[in-house]
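Structure file upload38.csv (CSV, C-alpha atoms) is printed below.
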```csv
chain,number,residue,atom,x,y,z
S,1,MET,CA,19.8,8.5,16.4
S,2,ARG,CA,23.0,6.8,15.4
S,3,ASP,CA,25.9,9.0,14.3
S,4,MET,CA,27.0,8.6,10.7
S,5,THR,CA,30.5,7.9,9.8
S,6,LEU,CA,32.0,9.3,6.6
S,7,SER,CA,32.0,5.9,5.0
S,8,ARG,CA,28.3,5.6,5.5
S,9,VAL,CA,27.7,9.0,4.0
S,10,ASP,CA,29.8,8.1,1.0
S,11,ARG,CA,27.8,5.0,0.6
S,12,LEU,CA,24.6,6.9,0.7
S,13,ASP,CA,25.9,9.4,-1.9
S,14,ALA,CA,26.8,6.6,-4.2
S,15,ALA,CA,23.4,5.0,-3.6
S,16,ALA,CA,21.7,8.3,-4.5
S,17,VAL,CA,23.3,8.4,-8.0
S,18,ASP,CA,22.2,4.7,-8.5
S,19,ALA,CA,18.7,5.4,-7.2
S,20,GLU,CA,18.0,7.8,-10.0
S,21,GLN,CA,19.3,5.3,-12.5
S,22,ASP,CA,16.8,2.8,-11.2
S,23,PHE,CA,13.7,4.9,-12.0
S,24,VAL,CA,11.8,4.5,-15.2
S,25,LEU,CA,11.5,8.3,-15.8
S,26,ASP,CA,13.8,11.2,-15.1
S,27,GLU,CA,12.6,13.9,-12.7
S,28,ASP,CA,11.1,16.3,-15.3
S,29,ALA,CA,9.2,13.6,-17.2
S,30,PHE,CA,8.0,12.1,-13.9
S,31,ARG,CA,6.7,15.5,-12.6
S,32,ALA,CA,4.8,16.1,-15.8
S,33,PHE,CA,3.3,12.6,-15.7
S,34,TYR,CA,2.4,13.0,-12.1
S,35,ASP,CA,0.7,16.3,-12.6
S,36,ARG,CA,-1.5,14.8,-15.3
S,37,THR,CA,-2.5,11.7,-13.4
S,38,ALA,CA,-2.2,12.2,-9.6
S,39,ARG,CA,-5.6,13.8,-9.0
S,40,ALA,CA,-7.6,11.2,-10.9
S,41,LEU,CA,-5.6,8.5,-9.2
S,42,TRP,CA,-6.2,9.9,-5.7
S,43,VAL,CA,-9.9,10.2,-6.4
S,44,TYR,CA,-9.9,6.6,-7.6
S,45,LEU,CA,-7.9,5.4,-4.5
S,46,SER,CA,-10.2,7.3,-2.1
S,47,ARG,CA,-13.3,5.7,-3.6
S,48,MET,CA,-11.6,2.3,-3.7
S,49,THR,CA,-10.4,2.4,-0.1
S,50,GLY,CA,-13.0,4.7,1.5
S,51,ASP,CA,-10.2,6.4,3.4
S,52,ALA,CA,-8.6,9.7,2.5
S,53,GLN,CA,-5.6,9.1,4.7
S,54,ALA,CA,-4.9,5.7,3.3
S,55,SER,CA,-5.3,7.2,-0.2
S,56,ASP,CA,-2.5,9.7,0.5
S,57,ASP,CA,-0.1,6.9,1.6
S,58,LEU,CA,-1.1,4.7,-1.3
S,59,LEU,CA,-0.6,7.5,-3.8
S,60,GLN,CA,3.1,7.7,-2.8
S,61,GLU,CA,3.4,4.0,-2.9
S,62,VAL,CA,1.9,3.7,-6.3
S,63,TYR,CA,4.3,6.2,-7.9
S,64,TYR,CA,7.2,4.7,-6.1
S,65,ARG,CA,6.4,1.3,-7.4
S,66,PHE,CA,5.8,2.8,-10.9
S,67,LEU,CA,9.2,4.5,-10.8
S,68,ARG,CA,11.0,1.3,-9.7
S,69,SER,CA,9.0,-1.0,-12.0
S,70,GLY,CA,11.8,-1.2,-14.6
S,71,GLN,CA,9.2,-1.5,-17.4
S,72,ALA,CA,9.5,0.0,-20.8
S,73,PHE,CA,6.3,1.9,-21.5
S,74,GLU,CA,5.0,2.3,-25.1
S,75,SER,CA,2.9,5.4,-24.5
S,76,GLU,CA,1.4,7.8,-21.9
S,77,ALA,CA,-1.7,5.7,-21.9
S,78,HIS,CA,0.3,2.6,-21.1
S,79,ARG,CA,1.9,4.4,-18.1
S,80,ARG,CA,-1.5,5.6,-17.0
S,81,HIS,CA,-3.0,2.1,-17.1
S,82,TYR,CA,0.0,0.8,-15.2
S,83,VAL,CA,-0.3,3.2,-12.3
S,84,PHE,CA,-4.1,2.5,-12.1
S,85,ARG,CA,-3.2,-1.2,-12.1
S,86,ILE,CA,-0.8,-0.8,-9.2
S,87,ALA,CA,-3.4,1.3,-7.4
S,88,THR,CA,-6.0,-1.3,-7.9
S,89,ASN,CA,-3.8,-4.1,-6.5
S,90,LEU,CA,-2.8,-2.0,-3.5
S,91,ALA,CA,-6.3,-0.9,-2.8
S,92,ARG,CA,-7.5,-4.5,-3.1
S,93,ASP,CA,-4.9,-5.8,-0.7
S,94,GLY,CA,-5.9,-3.0,1.8
S,95,TRP,CA,-9.5,-4.0,1.3
S,96,ARG,CA,-8.8,-7.6,2.1
S,97,ARG,CA,-6.9,-6.6,5.3
S,98,ARG,CA,-9.8,-4.4,6.4
S,99,GLN,CA,-12.3,-7.3,5.7
S,100,ALA,CA,-10.1,-9.4,8.0
S,101,ARG,CA,-10.3,-6.6,10.6
S,102,PRO,CA,-13.7,-5.1,10.2
S,103,ASP,CA,-13.2,-2.8,13.3
S,104,VAL,CA,-10.9,-0.5,11.2
S,105,MET,CA,-13.4,-0.1,8.3
S,106,PRO,CA,-14.5,3.5,8.4
S,107,LEU,CA,-18.2,4.0,9.0
S,108,HIS,CA,-18.4,6.8,6.5
S,109,ALA,CA,-16.9,7.1,3.1
S,110,PRO,CA,-14.6,10.1,2.6
S,111,GLY,CA,-16.7,13.3,2.5
S,112,ALA,CA,-19.7,11.5,3.9
S,113,GLU,CA,-19.5,13.2,7.2
S,114,PRO,CA,-22.6,13.0,9.4
S,115,ARG,CA,-25.0,15.7,8.5
S,116,ALA,CA,-26.1,18.4,11.0
S,117,ALA,CA,-29.8,18.5,11.7
S,118,GLY,CA,-31.5,21.0,9.4
S,119,ALA,CA,-28.6,21.0,6.9
S,120,VAL,CA,-30.2,18.3,4.7
S,121,ASP,CA,-29.6,18.7,1.1
S,122,ASP,CA,-30.8,16.3,-1.6
S,123,GLN,CA,-27.6,16.1,-3.5
S,124,ALA,CA,-25.6,15.3,-0.3
S,125,ILE,CA,-28.1,12.5,0.5
S,126,ARG,CA,-27.8,11.1,-3.0
S,127,ARG,CA,-24.0,11.2,-2.8
S,128,THR,CA,-24.0,9.6,0.6
S,129,ASP,CA,-26.3,6.8,-0.7
S,130,LEU,CA,-24.0,6.3,-3.6
S,131,ARG,CA,-20.9,6.1,-1.4
S,132,ARG,CA,-22.5,3.7,1.0
S,133,ALA,CA,-23.6,1.5,-1.9
S,134,LEU,CA,-20.1,1.6,-3.3
S,135,GLY,CA,-18.7,0.7,0.1
S,136,ARG,CA,-20.8,-2.4,0.1
S,137,MET,CA,-19.5,-3.7,-3.2
S,138,SER,CA,-16.4,-5.8,-3.6
S,139,ALA,CA,-13.1,-4.1,-4.5
S,140,ARG,CA,-13.3,-5.4,-8.1
S,141,GLU,CA,-16.9,-4.4,-8.6
S,142,ARG,CA,-16.1,-0.9,-7.3
S,143,ALA,CA,-13.2,-0.6,-9.6
S,144,LEU,CA,-15.3,-1.8,-12.5
S,145,VAL,CA,-18.1,0.7,-12.1
S,146,TRP,CA,-15.8,3.5,-11.2
S,147,LEU,CA,-13.5,3.0,-14.2
S,148,ALA,CA,-16.3,2.5,-16.6
S,149,TYR,CA,-18.8,5.2,-15.5
S,150,ALA,CA,-16.8,7.8,-13.5
S,151,GLU,CA,-13.5,7.6,-15.5
S,152,GLY,CA,-15.2,6.7,-18.8
S,153,SER,CA,-12.6,4.1,-19.5
S,154,SER,CA,-13.1,1.6,-22.4
S,155,HIS,CA,-13.5,-2.1,-21.7
S,156,GLN,CA,-10.0,-2.7,-23.0
S,157,GLU,CA,-8.6,-0.1,-20.6
S,158,ILE,CA,-10.5,-1.6,-17.7
S,159,ALA,CA,-9.3,-5.1,-18.7
S,160,SER,CA,-5.7,-3.8,-18.7
S,161,VAL,CA,-6.1,-2.1,-15.3
S,162,LEU,CA,-7.8,-5.0,-13.6
S,163,GLY,CA,-5.7,-7.7,-15.3
S,164,VAL,CA,-8.7,-9.6,-16.7
S,165,LYS,CA,-9.7,-10.7,-20.2
S,166,CYS,CA,-11.3,-7.9,-22.2
S,167,GLY,CA,-14.2,-10.3,-23.1
S,168,SER,CA,-15.0,-10.7,-19.4
S,169,ILE,CA,-15.6,-7.0,-18.7
S,170,LYS,CA,-19.1,-6.8,-20.2
S,171,PRO,CA,-20.7,-9.5,-18.0
S,172,LEU,CA,-18.7,-8.4,-14.9
S,173,LEU,CA,-19.7,-4.8,-15.4
S,174,TRP,CA,-23.3,-5.8,-16.0
S,175,ARG,CA,-23.3,-7.7,-12.7
S,176,ALA,CA,-21.6,-4.9,-10.8
S,177,ARG,CA,-24.0,-2.4,-12.2
S,178,ARG,CA,-27.0,-4.5,-11.3
S,179,LYS,CA,-25.6,-4.9,-7.8
S,180,LEU,CA,-25.1,-1.2,-7.4
S,181,GLY,CA,-28.6,-0.6,-8.6
S,182,ARG,CA,-30.0,-3.1,-6.1
S,183,LEU,CA,-28.0,-1.5,-3.3
S,184,LEU,CA,-29.2,1.9,-4.2
S,185,GLY,CA,-32.8,0.7,-4.4
S,186,GLY,CA,-35.3,1.6,-7.1
S,187,THR,CA,-36.0,5.1,-5.9
S,188,ALA,CA,-32.5,6.0,-4.9
S,189,ARG,CA,-31.2,4.7,-8.2
S,190,ALA,CA,-33.5,7.1,-10.0
S,191,SER,CA,-32.5,10.0,-7.9
S,192,VAL,CA,-28.7,9.4,-8.1
S,193,ALA,CA,-28.6,10.9,-11.5
S,194,ASP,CA,-28.6,14.7,-11.6
S,195,PRO,CA,-29.0,15.7,-15.3
S,196,ALA,CA,-27.6,19.1,-14.5
S,197,GLU,CA,-24.2,17.6,-13.6
S,198,GLY,CA,-23.8,15.3,-16.6
S,199,GLY,CA,-20.3,16.8,-17.0
S,200,GLY,CA,-17.9,16.2,-19.8
S,201,ARG,CA,-14.8,14.0,-19.9
S,202,SER,CA,-12.1,15.6,-17.8
N,1,MET,CA,-26.5,-11.4,-28.3
N,2,LYS,CA,-26.6,-12.2,-24.6
N,3,ARG,CA,-29.2,-10.8,-22.3
N,4,ASN,CA,-26.7,-8.7,-20.4
N,5,GLU,CA,-25.1,-7.2,-23.5
N,6,CYS,CA,-26.1,-4.3,-25.7
N,7,GLU,CA,-24.0,-3.0,-28.6
N,8,ARG,CA,-25.2,0.5,-27.8
N,9,GLU,CA,-24.1,0.7,-24.2
N,10,VAL,CA,-20.8,2.2,-25.2
N,11,GLU,CA,-22.6,4.8,-27.3
N,12,VAL,CA,-24.7,5.7,-24.3
N,13,LEU,CA,-21.7,6.0,-22.1
N,14,ASP,CA,-19.9,8.1,-24.7
N,15,ALA,CA,-22.9,10.5,-24.9
N,16,ILE,CA,-22.7,10.9,-21.1
N,17,CYS,CA,-19.0,11.3,-20.9
N,18,THR,CA,-19.0,13.9,-23.6
N,19,GLY,CA,-21.8,15.9,-22.0
N,20,ARG,CA,-24.3,15.2,-24.9
N,21,TRP,CA,-26.7,13.2,-22.7
N,22,PRO,CA,-29.6,13.8,-22.6
N,23,GLU,CA,-30.3,17.1,-24.3
N,24,THR,CA,-28.1,17.0,-27.4
N,25,CYS,CA,-27.9,13.4,-28.2
N,26,ASP,CA,-30.1,11.6,-30.7
N,27,ALA,CA,-33.7,11.1,-29.9
N,28,GLU,CA,-33.3,7.6,-31.2
N,29,LEU,CA,-30.6,6.9,-28.6
N,30,ARG,CA,-32.9,8.2,-25.9
N,31,ALA,CA,-35.7,6.0,-27.1
N,32,HIS,CA,-33.3,3.0,-27.1
N,33,VAL,CA,-32.2,3.7,-23.5
N,34,ALA,CA,-35.8,3.9,-22.4
N,35,ALA,CA,-36.6,0.5,-24.1
N,36,CYS,CA,-33.4,-1.4,-23.4
N,37,ALA,CA,-33.1,-3.4,-20.2
N,38,THR,CA,-29.3,-3.3,-20.3
N,39,CYS,CA,-28.9,0.4,-21.0
N,40,ARG,CA,-31.8,1.7,-18.9
N,41,ASP,CA,-29.7,2.1,-15.7
N,42,VAL,CA,-26.6,3.4,-17.4
N,43,PRO,CA,-27.4,7.1,-17.5
N,44,ALA,CA,-28.6,7.3,-13.9
N,45,LEU,CA,-25.6,5.5,-12.5
N,46,ALA,CA,-23.0,7.0,-14.8
N,47,THR,CA,-24.2,10.6,-14.2
N,48,GLY,CA,-24.3,10.0,-10.5
N,49,LEU,CA,-20.8,8.5,-10.5
N,50,ARG,CA,-19.4,11.3,-12.7
N,51,ALA,CA,-20.9,13.9,-10.4
N,52,GLU,CA,-19.3,12.1,-7.4
N,53,ARG,CA,-16.0,12.1,-9.3
N,54,ALA,CA,-16.2,15.8,-10.1
N,55,GLU,CA,-16.9,16.6,-6.5
N,56,ALA,CA,-14.0,14.5,-5.2
N,57,TRP,CA,-11.8,16.0,-7.8
N,58,GLN,CA,-12.4,19.5,-6.5
N,59,ARG,CA,-11.8,18.4,-2.9
N,60,ALA,CA,-8.7,16.3,-3.7
N,61,VAL,CA,-5.4,17.7,-2.3
N,62,VAL,CA,-2.5,15.7,-3.6
N,63,PRO,CA,1.2,16.3,-2.6
N,64,SER,CA,3.3,18.2,-5.1
N,65,SER,CA,5.2,16.2,-7.7
N,66,GLY,CA,8.5,17.5,-6.3
N,67,LEU,CA,7.7,16.1,-2.9
N,68,VAL,CA,6.7,12.7,-4.3
N,69,TRP,CA,9.9,12.6,-6.3
N,70,TRP,CA,12.0,13.5,-3.3
N,71,ARG,CA,10.4,10.9,-1.1
N,72,ALA,CA,10.8,8.2,-3.8
N,73,GLU,CA,14.5,9.2,-4.2
N,74,MET,CA,15.0,9.0,-0.4
N,75,ARG,CA,13.4,5.6,-0.2
N,76,ALA,CA,15.4,4.3,-3.1
N,77,ARG,CA,18.6,5.5,-1.4
N,78,GLN,CA,17.6,3.8,1.9
N,79,GLU,CA,16.8,0.6,0.1
N,80,ARG,CA,20.2,0.7,-1.7
N,81,ALA,CA,22.1,1.4,1.5
N,82,ALA,CA,20.3,-1.4,3.2
N,83,ARG,CA,21.1,-3.7,0.4
N,84,ALA,CA,24.7,-2.6,0.4
N,85,ALA,CA,24.9,-3.2,4.2
N,86,ARG,CA,23.3,-6.6,4.1
N,87,PRO,CA,26.5,-8.7,3.5
N,88,ILE,CA,28.3,-6.9,6.4
N,89,THR,CA,25.4,-7.7,8.7
N,90,LEU,CA,25.6,-11.3,7.5
N,91,VAL,CA,29.3,-11.5,8.4
N,92,HIS,CA,28.6,-10.0,11.9
N,93,VAL,CA,25.9,-12.7,12.5
N,94,LEU,CA,28.2,-15.4,11.3
N,95,ALA,CA,31.0,-14.2,13.5
N,96,ILE,CA,28.8,-14.1,16.6
N,97,VAL,CA,27.4,-17.6,15.9
N,98,GLY,CA,31.0,-18.8,15.3
N,99,CYS,CA,32.2,-17.3,18.6
N,100,PHE,CA,29.2,-18.7,20.5
N,101,ALA,CA,29.7,-22.1,19.0
N,102,ALA,CA,33.4,-22.0,19.9
N,103,ALA,CA,32.6,-20.9,23.5
N,104,VAL,CA,30.1,-23.7,23.9
N,105,GLY,CA,32.6,-26.2,22.4
N,106,ILE,CA,35.4,-25.1,24.8
N,107,ALA,CA,33.0,-25.3,27.7
N,108,ALA,CA,31.8,-28.7,26.7
N,109,LEU,CA,35.4,-29.9,26.4
N,110,GLY,CA,36.4,-28.2,29.7
N,111,VAL,CA,33.5,-29.5,31.9
N,112,PRO,CA,34.8,-33.1,32.2
N,113,LEU,CA,38.2,-31.7,33.3
N,114,VAL,CA,36.7,-29.7,36.2
N,115,PRO,CA,36.1,-31.8,39.3
N,116,VAL,CA,32.6,-30.4,39.9
N,117,GLY,CA,31.9,-32.6,42.9
N,118,ALA,CA,35.2,-31.6,44.6
N,119,TRP,CA,34.6,-28.0,43.6
N,120,LEU,CA,31.2,-28.0,45.3
N,121,SER,CA,32.5,-29.6,48.4
N,122,SER,CA,35.4,-27.1,48.6
N,123,LEU,CA,32.8,-24.4,48.1
N,124,GLY,CA,31.0,-25.8,51.1
N,125,ASP,CA,34.2,-25.6,53.1
N,126,TRP,CA,35.3,-22.2,51.8
N,127,LEU,CA,32.1,-20.3,52.6
N,128,PRO,CA,32.2,-20.9,56.3
N,129,SER,CA,35.9,-20.0,56.3
N,130,LEU,CA,35.1,-16.8,54.5
N,131,ALA,CA,32.6,-16.0,57.2
N,132,MET,CA,35.3,-16.6,59.8
N,133,GLY,CA,37.6,-14.2,57.9
N,134,ASP,CA,40.2,-16.7,56.8
N,135,ALA,CA,40.3,-16.1,53.0
N,136,ALA,CA,43.5,-18.0,52.5
N,137,ASP,CA,41.7,-21.3,52.8
N,138,GLY,CA,39.7,-20.3,49.6
N,139,MET,CA,42.8,-20.5,47.3
N,140,PRO,CA,41.9,-23.9,45.8
N,141,LEU,CA,38.7,-22.4,44.5
N,142,LEU,CA,40.6,-20.0,42.1
N,143,ARG,CA,41.0,-22.6,39.3
N,144,PRO,CA,37.2,-23.1,38.7
N,145,VAL,CA,36.6,-19.4,39.1
N,146,ILE,CA,39.2,-18.6,36.4
N,147,LEU,CA,37.6,-21.2,34.1
N,148,VAL,CA,34.1,-19.7,34.6
N,149,ALA,CA,35.6,-16.2,33.9
N,150,ILE,CA,37.2,-17.4,30.7
N,151,GLY,CA,34.0,-19.0,29.6
N,152,ALA,CA,32.0,-15.8,30.3
N,153,TRP,CA,34.6,-13.8,28.4
N,154,LEU,CA,34.4,-16.1,25.4
N,155,VAL,CA,30.6,-15.5,25.3
N,156,LEU,CA,30.6,-11.8,26.1
N,157,ALA,CA,33.6,-10.7,24.0
N,158,PRO,CA,32.0,-11.2,20.6
N,159,ILE,CA,28.8,-9.5,21.7
N,160,VAL,CA,30.8,-6.5,22.9
N,161,VAL,CA,32.8,-6.4,19.7
N,162,TYR,CA,29.6,-6.6,17.7
N,163,PHE,CA,28.0,-3.6,19.4
N,164,VAL,CA,31.2,-1.6,19.0
N,165,VAL,CA,31.4,-2.4,15.3
N,166,VAL,CA,27.7,-1.8,14.6
N,167,ARG,CA,27.9,1.8,16.0
N,168,ASP,CA,30.4,2.7,13.3
```

Same coordinates, now as structure tokens:
Amino acid sequence: MRDMTLSRVDRLDAAAVDAEQDFVLDEDAFRAFYDRTARALWVYLSRMTGDAQASDDLLQEVYYRFLRSGQAFESEAHRRHYVFRIATNLARDGWRRRQARPDVMPLHAPGAEPRAAGAVDDQAIRRTDLRRALGRMSARERALVWLAYAEGSSHQEIASVLGVKCGSIKPLLWRARRKLGRLLGGTARASVADPAEGGGRS
Amino acid sequence: MKRNECEREVEVLDAICTGRWPETCDAELRAHVAACATCRDVPALATGLRAERAEAWQRAVVPSSGLVWWRAEMRARQERAARAARPITLVHVLAIVGCFAAAVGIAALGVPLVPVGAWLSSLGDWLPSLAMGDAADGMPLLRPVILVAIGAWLVLAPIVVYFVVVRD
């Protein structure tokens, strides 16, 4: 590694002060915002990319781009939509690259490890079916169904995240849902739902 | 209303997201879902996806906010330092290109002055004399050798200067 001269250290110190000025939030505000959004964002990224490792890297990238965006945010919701939008774009770019190099596409979605013989469990099978079906959808379709049904986002919020017109969401979502249903197949679709786990909004 | 749209889809989704589906929501809404082609699949898919989200949420391990902030800060510093160093690098590159162009120019101007044919023939004479151990006969060769050395120096000197400067 190269030795650093004093002038270079001085330059880095000066840059450090400027770096903080370049961020859209100060440290405390950022940490609070991150604690409220990071987990949901990681889950979204992991389902969008199908790769836990890539999601870790993308999470850092998303927050970095957010901090350096230079945007003025009107509200917490606006900030939240913005980070989901960055995540969507990054995940979509990653998806395109994997489509171009299908050899690096993981065979199993995160958490869909091969099951040991005798350890079969209905819920696991349903989840695996669901993950596989999601994996066969396009990035936009996956984002649509995930935001609408897993995150419970409104059409307006989805439109803001995906950067499409609000009026387009309904037909796009309907098509995505129909495709997911087709991929799951009639019987699988019926069994995906587990009424006991209906869960409230988190 | 279009075939793929239903006003009540949002209502169904809201009942699922708030945990009212299916037990505590209106019987009328349940009846609608059973009859509506658009809403029929919504509870099954939404419930499955929400269960998937809840499971992933529990397993998710995200880095601490402090670590993410620190990494962002470091990266911003590096980018700033790189930006600050960019003009210096540009000057280095321009200096090297200038020196190289000057060396090539000098060489181009110098080549016609060097009697290459005579030099080659003297080299032919000088090599056997060297083998005989009579180096004094090689003296006429010194002029082209000096020219070559100057040319090499003109090419190599800026490169050496560059590597010395870039270390600092």

Would you mind listing, as a list in words, all residues of chain N that have at least one atom within 6 Å of chain S, where all atoms listed in the file are what counts?
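Every residue meeting the condition is included here: Cys17, Thr18, Gly19, Ala44, Ala46, Thr47, Gly48, Leu49, Arg50, Ala51, Ser65, Ala72, Ala76, Arg77 and Arg80 of chain N.
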
Show me as a PyMOL selection string the residues that reach within 12 Å of (-2.0, -1.2, -7.1), counting all atoms listed in the file and using the file's own coordinates.
chain S and resi 41-42+44-45+48-49+55+58-66+81-95+139+143+161-163

Write the residues you've just listed into a file as an mmCIF file, in the coordinates of the input, and include C-alpha atoms for each of them.
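The file below, result_10.cif, is the result:
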```
data_model
loop_
_atom_site.group_PDB
_atom_site.id
_atom_site.type_symbol
_atom_site.label_atom_id
_atom_site.label_comp_id
_atom_site.auth_asym_id
_atom_site.auth_seq_id
_atom_site.Cartn_x
_atom_site.Cartn_y
_atom_site.Cartn_z
ATOM 1 C CA LEU S 41 -5.600 8.500 -9.200
ATOM 2 C CA TRP S 42 -6.200 9.900 -5.700
ATOM 3 C CA TYR S 44 -9.900 6.600 -7.600
ATOM 4 C CA LEU S 45 -7.900 5.400 -4.500
ATOM 5 C CA MET S 48 -11.600 2.300 -3.700
ATOM 6 C CA THR S 49 -10.400 2.400 -0.100
ATOM 7 C CA SER S 55 -5.300 7.200 -0.200
ATOM 8 C CA LEU S 58 -1.100 4.700 -1.300
ATOM 9 C CA LEU S 59 -0.600 7.500 -3.800
ATOM 10 C CA GLN S 60 3.100 7.700 -2.800
ATOM 11 C CA GLU S 61 3.400 4.000 -2.900
ATOM 12 C CA VAL S 62 1.900 3.700 -6.300
ATOM 13 C CA TYR S 63 4.300 6.200 -7.900
ATOM 14 C CA TYR S 64 7.200 4.700 -6.100
ATOM 15 C CA ARG S 65 6.400 1.300 -7.400
ATOM 16 C CA PHE S 66 5.800 2.800 -10.900
ATOM 17 C CA HIS S 81 -3.000 2.100 -17.100
ATOM 18 C CA TYR S 82 0.000 0.800 -15.200
ATOM 19 C CA VAL S 83 -0.300 3.200 -12.300
ATOM 20 C CA PHE S 84 -4.100 2.500 -12.100
ATOM 21 C CA ARG S 85 -3.200 -1.200 -12.100
ATOM 22 C CA ILE S 86 -0.800 -0.800 -9.200
ATOM 23 C CA ALA S 87 -3.400 1.300 -7.400
ATOM 24 C CA THR S 88 -6.000 -1.300 -7.900
ATOM 25 C CA ASN S 89 -3.800 -4.100 -6.500
ATOM 26 C CA LEU S 90 -2.800 -2.000 -3.500
ATOM 27 C CA ALA S 91 -6.300 -0.900 -2.800
ATOM 28 C CA ARG S 92 -7.500 -4.500 -3.100
ATOM 29 C CA ASP S 93 -4.900 -5.800 -0.700
ATOM 30 C CA GLY S 94 -5.900 -3.000 1.800
ATOM 31 C CA TRP S 95 -9.500 -4.000 1.300
ATOM 32 C CA ALA S 139 -13.100 -4.100 -4.500
ATOM 33 C CA ALA S 143 -13.200 -0.600 -9.600
ATOM 34 C CA VAL S 161 -6.100 -2.100 -15.300
ATOM 35 C CA LEU S 162 -7.800 -5.000 -13.600
ATOM 36 C CA GLY S 163 -5.700 -7.700 -15.300
#
```

What separation in Å, quoted to one decimal, exists between atom CA of S:Arg132 and atom CA of N:Asp14?
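Interatomic distance here is 26.2 Å.
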
Among the residues N:Pro144, N:Glu23, N:Cys39, N:His32, the one that comes closest to N:Val10 [using all atoms listed in the file]
N:Cys39

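What separates atom CA of N:Ala15 from atom CA of S:Gly135 is a distance of 27.2 Å.
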
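Distance annotation: of S:Arg80, S:Asp57, S:Ala133, S:Cys166, the residue with the minimal separation from S:Gly185 is S:Ala133; atom set is all atoms listed in the file.
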
Put a box with edges along x, y and z around all the listed atoms of stretch 50-62 of chain N, pad it by 4 Å on each side, then give me its centre and sizes in Å, one decimal, as lines of an AutoDock Vina configuration file.
```
center_x = -11.7
center_y = 15.4
center_z = -7.5
size_x = 26.4
size_y = 16.2
size_z = 18.4
```
